[in-house]
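Trainee: Take this structure first; my questions come after.
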Amino acid sequence: MTSPDLWNTLEDLTEEQFKHFKWFLKRDEILEGSLRISEARLEKADRQDTVDLMVQKYQGPGALKVTLKVLENINRNDLAQCLLQTSSTPKDLKSHNSVFQNTECGRKKAKLAATKAEIKLMIQERRMKIWEINRSVKFSSKSAEKHIADSMQTFAYLQQLVERSLANLIDAIEGKRETTRKHAEGFVRELEQEISELTKRLNEVEQLSQTEDHADFSFMNAIPPKNWTEVSIPPPSYGQSVGTSVNQLVEIIAQEKEKLISKAKLNRVQQFAKDVTLDADTANPYLILSNDGKEVYCGDVERILPDNPDRFNRALNVLGKQGFSSGRHYYEVGVKGKTSWDLGVVKESLDRKGSISASPENGYWTICLREGEKYKAFGGRLTVKIPPKKVGVFVDYEKGSVSFYDVDSADLIHSFTGCSFTEKLYPFFSPCCRYNGKNSTPLTISPVSYID
């Protein structure tokens with residue numbers, strides 16, 4: 001059975017029947033041992049989404065079995081029969097009709113059967129293509145909506161930066177204008193005071209000139225000798241303020257551009273998020289794992305556990321259950337409150353007993369924190385602007401790279417490139433020692449907030 005077969009079957013259901021179909025997918029007693037799909041994921045799922053969820057959950061044969069069971073429960077045995085027929089292959093049909101090959105009638109029937117099977121196969125291929133095209137259009141539409149929303153948010157933020165810079169520039173220009181006005185007012189007051197003084201002297205001179213006495217004009221020496229010809233109020237230079245403001249704005253936008261690019265790069269790798277849980281069979285006996293396999297910390301007492309070949313017996317390490325030998329994979333780990341930790345991926349065949357040298361040559365692609373401030377990768381120290389609260393780990397198996405991100409700032413912490421992966425890789429975690437309680441906070445595998 002192919003996904004288009006299942007999709008076409010669901011397309012033949014009425015809205016009410018499709019609603020009942022999804023309801024049965026949430027019922028444990030109906031599925032008889034098959035894991036049910038969560039109600040939250042089914043609530044808004046359309047027919048195509050439901051196909052995707054069933055194929056991911058049950059794989060091909062399992063999805064067929066579950067579909068037939070649910071169709072029986074909603075009284076659509078006709079669709080169940082039709083689904084069984086479309087699930088046949090040309091090879092099956094040829095084998096089924098081989099008994100007719102020895103007679104003319106048998107040969108004709110066999111030829112018709114082969115033609116019928118070939119036509120069915122062509123129909124299946126075209127239905128698959130329709131399904132793929134519709135799926136591509138759906139993903140393209142979602143991607144366009146997200147990029148439009150991100151673009152609007154980005155340009156709105158840039159507009160705020162421009163408006164803020166313009167407001168600051170206007171304030172600076174207004175400040176210069178106010179300073180010029182105050183200087184001018186000061187000069188005017190001084191000039192008016194001197195005019196008043198000179199007017200007083202002038203009145204005295206006029207009074208003396210009306211008498212014949214030889215008056216003493218020595219008081220004229222008291223007139224201030226200030227030369228106002230050198231005094232002026234030149235207009236301030238506003239161009240420099242404009243230039244400085246524009247340069248500052250360009251610098252800020254360049255910085256914000258780098259941040260936006262970093263966030264976009266992180267968002268692209270977050271779409272490859274995988275559900276990672278810890279493998280208790282690999283955990284060092286001192287490590288304590290949460291029931292859901294999402295947290296790990298170092299305990300005070302060594303637990304008595306089977307020393308199986310997969311378990312780390314000296315190093316305080318634990319691996320993820322989910323390994324991968326192809327593709328791209330991403331997960332996030334909360335490290336807030338810790339003073340020491342190790343994170344990354346390792347090869348499946350690494351030595352888990354005794355002391356460990358965490359190098360790529362030994363199958364370790366990891367980074368670590370020590371003493372609350374020293375970030376290291378194999379070969380040297382790492383420059384970290386702000387201690388990350390959450391670290392994203394991205395593996396591109398075919399490209400041969402392992403990258404580490406500060407999820408909050410989207411900064412790239414470190415990247416191993418040009419790696420040659422030849423076997424299965426597993427997520428790697430070490431919460432390190434407690435250090436008298438200073439490092440007792442657990443490492444936490446966090447849900448990824450990427451929205452496609």
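Ordering of the structure tokens sets the chain letters (A, B, ...); residue numbers start at 1 within each chain; ligands are numbered from 1 in the order shown.
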Tell me, counting only C-alpha atoms, for each residue of stretch 144-204 of chain A within 8 Å of stretch 243-252 of chain A, which pair of atoms is nearest and how far apart they are in Å to one decimal, in rows ordered by chain and increasing number, as CSV.

Mentor:
residue,atom,partner,partner_atom,distance
A:Leu161,CA,A:Leu249,CA,7.6
A:Val162,CA,A:Leu249,CA,7.2
A:Ser165,CA,A:Leu249,CA,6.5
A:Leu166,CA,A:Ser245,CA,8.0
A:Leu169,CA,A:Ser245,CA,6.3

Trainee: Counting only C-alpha atoms, which residue out of A:Leu202, A:Ile445, A:Ile367, A:Val137 sits closest to A:Glu332?

Mentor: A:Ile445

Trainee: Which residues are near A:Asp5? Cut-off 12 Å, only C-alpha atoms, ignore same chain within fewer than 5 positions. Put them as a ChimeraX atom specification.

Mentor: /A:10-12,48,51,55,60,63-64,67,79-80,82-88,120-121,123-131

Trainee: Measuring atom to atom with only C-alpha atoms, identify which of A:Trp365, A:Pro235, A:Asp49, A:Lys390 is nearest to A:Asn134.

Mentor: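 For A:Asn134, the nearest of the given residues is A:Asp49.
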
Trainee: Might you pull out every residue within 12 Å of A:Asp307, with only C-alpha atoms counted and same-chain residues fewer than 2 positions away left off, and present them as number ranges by chain?

Mentor: A: 280-285, 303-305, 309-314, 352-353

Trainee: Selected residues, N, CA, C and O atoms, written as a PDB file, in the first residue's frame, please.

Mentor:
ATOM      1  N   ALA A 280      18.722   4.307  29.101  1.00  0.00           N
ATOM      2  CA  ALA A 280      19.136   3.930  30.460  1.00  0.00           C
ATOM      3  C   ALA A 280      20.172   2.816  30.451  1.00  0.00           C
ATOM      4  O   ALA A 280      20.985   2.712  31.382  1.00  0.00           O
ATOM      5  N   ASP A 281      20.177   1.966  29.422  1.00  0.00           N
ATOM      6  CA  ASP A 281      21.128   0.850  29.367  1.00  0.00           C
ATOM      7  C   ASP A 281      22.557   1.313  29.114  1.00  0.00           C
ATOM      8  O   ASP A 281      23.496   0.522  29.260  1.00  0.00           O
ATOM      9  N   THR A 282      22.740   2.586  28.725  1.00  0.00           N
ATOM     10  CA  THR A 282      24.097   3.099  28.492  1.00  0.00           C
ATOM     11  C   THR A 282      24.581   3.995  29.630  1.00  0.00           C
ATOM     12  O   THR A 282      25.739   4.389  29.654  1.00  0.00           O
ATOM     13  N   ALA A 283      23.698   4.317  30.579  1.00  0.00           N
ATOM     14  CA  ALA A 283      24.014   5.321  31.603  1.00  0.00           C
ATOM     15  C   ALA A 283      24.976   4.791  32.658  1.00  0.00           C
ATOM     16  O   ALA A 283      24.820   3.670  33.165  1.00  0.00           O
ATOM     17  N   ASN A 284      25.955   5.609  33.020  1.00  0.00           N
ATOM     18  CA  ASN A 284      26.844   5.300  34.135  1.00  0.00           C
ATOM     19  C   ASN A 284      26.014   5.110  35.410  1.00  0.00           C
ATOM     20  O   ASN A 284      25.014   5.815  35.614  1.00  0.00           O
ATOM     21  N   PRO A 285      26.385   4.164  36.285  1.00  0.00           N
ATOM     22  CA  PRO A 285      25.576   3.879  37.485  1.00  0.00           C
ATOM     23  C   PRO A 285      25.357   5.077  38.412  1.00  0.00           C
ATOM     24  O   PRO A 285      24.440   5.039  39.235  1.00  0.00           O
ATOM     25  N   ARG A 303      24.636   3.237  41.757  1.00  0.00           N
ATOM     26  CA  ARG A 303      23.581   2.228  41.768  1.00  0.00           C
ATOM     27  C   ARG A 303      24.129   0.886  41.287  1.00  0.00           C
ATOM     28  O   ARG A 303      25.084   0.829  40.508  1.00  0.00           O
ATOM     29  N   ILE A 304      23.511  -0.186  41.744  1.00  0.00           N
ATOM     30  CA  ILE A 304      23.904  -1.532  41.319  1.00  0.00           C
ATOM     31  C   ILE A 304      23.128  -1.863  40.050  1.00  0.00           C
ATOM     32  O   ILE A 304      21.920  -2.104  40.076  1.00  0.00           O
ATOM     33  N   LEU A 305      23.824  -1.857  38.916  1.00  0.00           N
ATOM     34  CA  LEU A 305      23.204  -2.095  37.618  1.00  0.00           C
ATOM     35  C   LEU A 305      24.009  -3.127  36.839  1.00  0.00           C
ATOM     36  O   LEU A 305      25.221  -3.295  37.079  1.00  0.00           O
ATOM     37  N   PRO A 309      27.644  -4.438  27.914  1.00  0.00           N
ATOM     38  CA  PRO A 309      28.677  -3.848  27.044  1.00  0.00           C
ATOM     39  C   PRO A 309      28.398  -2.408  26.637  1.00  0.00           C
ATOM     40  O   PRO A 309      29.329  -1.663  26.317  1.00  0.00           O
ATOM     41  N   ASP A 310      27.123  -1.993  26.642  1.00  0.00           N
ATOM     42  CA  ASP A 310      26.788  -0.639  26.189  1.00  0.00           C
ATOM     43  C   ASP A 310      26.951   0.418  27.276  1.00  0.00           C
ATOM     44  O   ASP A 310      26.926   1.609  26.994  1.00  0.00           O
ATOM     45  N   ARG A 311      27.107  -0.008  28.535  1.00  0.00           N
ATOM     46  CA  ARG A 311      27.096   0.941  29.642  1.00  0.00           C
ATOM     47  C   ARG A 311      28.485   1.554  29.880  1.00  0.00           C
ATOM     48  O   ARG A 311      29.507   0.871  29.858  1.00  0.00           O
ATOM     49  N   PHE A 312      28.501   2.882  30.121  1.00  0.00           N
ATOM     50  CA  PHE A 312      29.732   3.548  30.536  1.00  0.00           C
ATOM     51  C   PHE A 312      29.975   3.216  32.013  1.00  0.00           C
ATOM     52  O   PHE A 312      29.110   3.459  32.861  1.00  0.00           O
ATOM     53  N   ASN A 313      31.138   2.654  32.328  1.00  0.00           N
ATOM     54  CA  ASN A 313      31.357   2.207  33.714  1.00  0.00           C
ATOM     55  C   ASN A 313      32.223   3.153  34.541  1.00  0.00           C
ATOM     56  O   ASN A 313      32.264   3.054  35.763  1.00  0.00           O
ATOM     57  N   ARG A 314      32.906   4.117  33.886  1.00  0.00           N
ATOM     58  CA  ARG A 314      33.703   5.082  34.642  1.00  0.00           C
ATOM     59  C   ARG A 314      33.307   6.522  34.316  1.00  0.00           C
ATOM     60  O   ARG A 314      33.068   7.320  35.213  1.00  0.00           O
ATOM     61  N   ARG A 352      33.433   2.137  25.780  1.00  0.00           N
ATOM     62  CA  ARG A 352      32.639   2.710  26.872  1.00  0.00           C
ATOM     63  C   ARG A 352      33.171   2.311  28.247  1.00  0.00           C
ATOM     64  O   ARG A 352      32.539   2.607  29.262  1.00  0.00           O
ATOM     65  N   LYS A 353      34.282   1.667  28.281  1.00  0.00           N
ATOM     66  CA  LYS A 353      34.855   1.218  29.545  1.00  0.00           C
ATOM     67  C   LYS A 353      36.168   1.951  29.804  1.00  0.00           C
ATOM     68  O   LYS A 353      36.921   2.253  28.893  1.00  0.00           O
TER      69      LYS A 353
END

Trainee: Just want the 7 Å neighbourhood of A:Phe272, counted on only C-alpha atoms, with same-chain residues fewer than 4 positions away dropped. Output as an NGL selection string.

Mentor: :A and (328-330)

Trainee: Excluding A:Leu53 and any residue of its chain fewer than 4 positions from it, enumerate the residues within 9 Å of it, using only C-alpha atoms, and give them as a count of residues only.

Mentor: 8

Trainee: Leaving out A:His147 and any residue of its chain fewer than 6 positions from it, which residues lie within 10 Å of it when counting only C-alpha atoms, given as a list in words?

Mentor: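 Residues near the query, excluding close chain neighbours: Ser141, Gln153 and Ala264 of chain A.
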
Trainee: Could you give me the residues within stretch 194-305 of chain A that DSSP places in strand (DSSP E), as a ChimeraX atom specification?

Mentor: /A:287-289,295-298

Trainee: Output as a VMD selection string all residues of stretch 195-328 of chain A that backbone DSSP marks as helix (DSSP H, G or I).

Mentor: chain A and resid 195 to 209 218 to 222 228 to 230 239 to 270 280 to 282

Trainee: Point out the residue among A:Glu256, A:Asp78, A:Glu145, A:Asp300 with the least atom-to-atom distance to A:Tyr157, counting only C-alpha atoms.

Mentor: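 Closest residue, counting only C-alpha atoms: A:Glu256.
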
Trainee: Any idea what the distance is between atom CA of A:Phe404 and atom CA of A:Gly337?

Mentor: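 Interatomic distance here is 18.5 Å.
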
Trainee: For each of A:Glu72, A:Ile413, A:Pro4, A:Glu16, take the minimum atom-to-atom distance to A:Thr50, counting only C-alpha atoms, then give the residue where this is smallest.

Mentor: A:Pro4

Trainee: At what distance in Å, to one decimal, does atom CA of A:Ala273 lie from atom CA of A:Leu412?

Mentor: 16.9 Å

Trainee: In Å, how far is it from atom CA of A:Ile119 to atom CA of A:Asn8?

Mentor: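 Atom CA of A:Ile119 sits 16.8 Å away from atom CA of A:Asn8.
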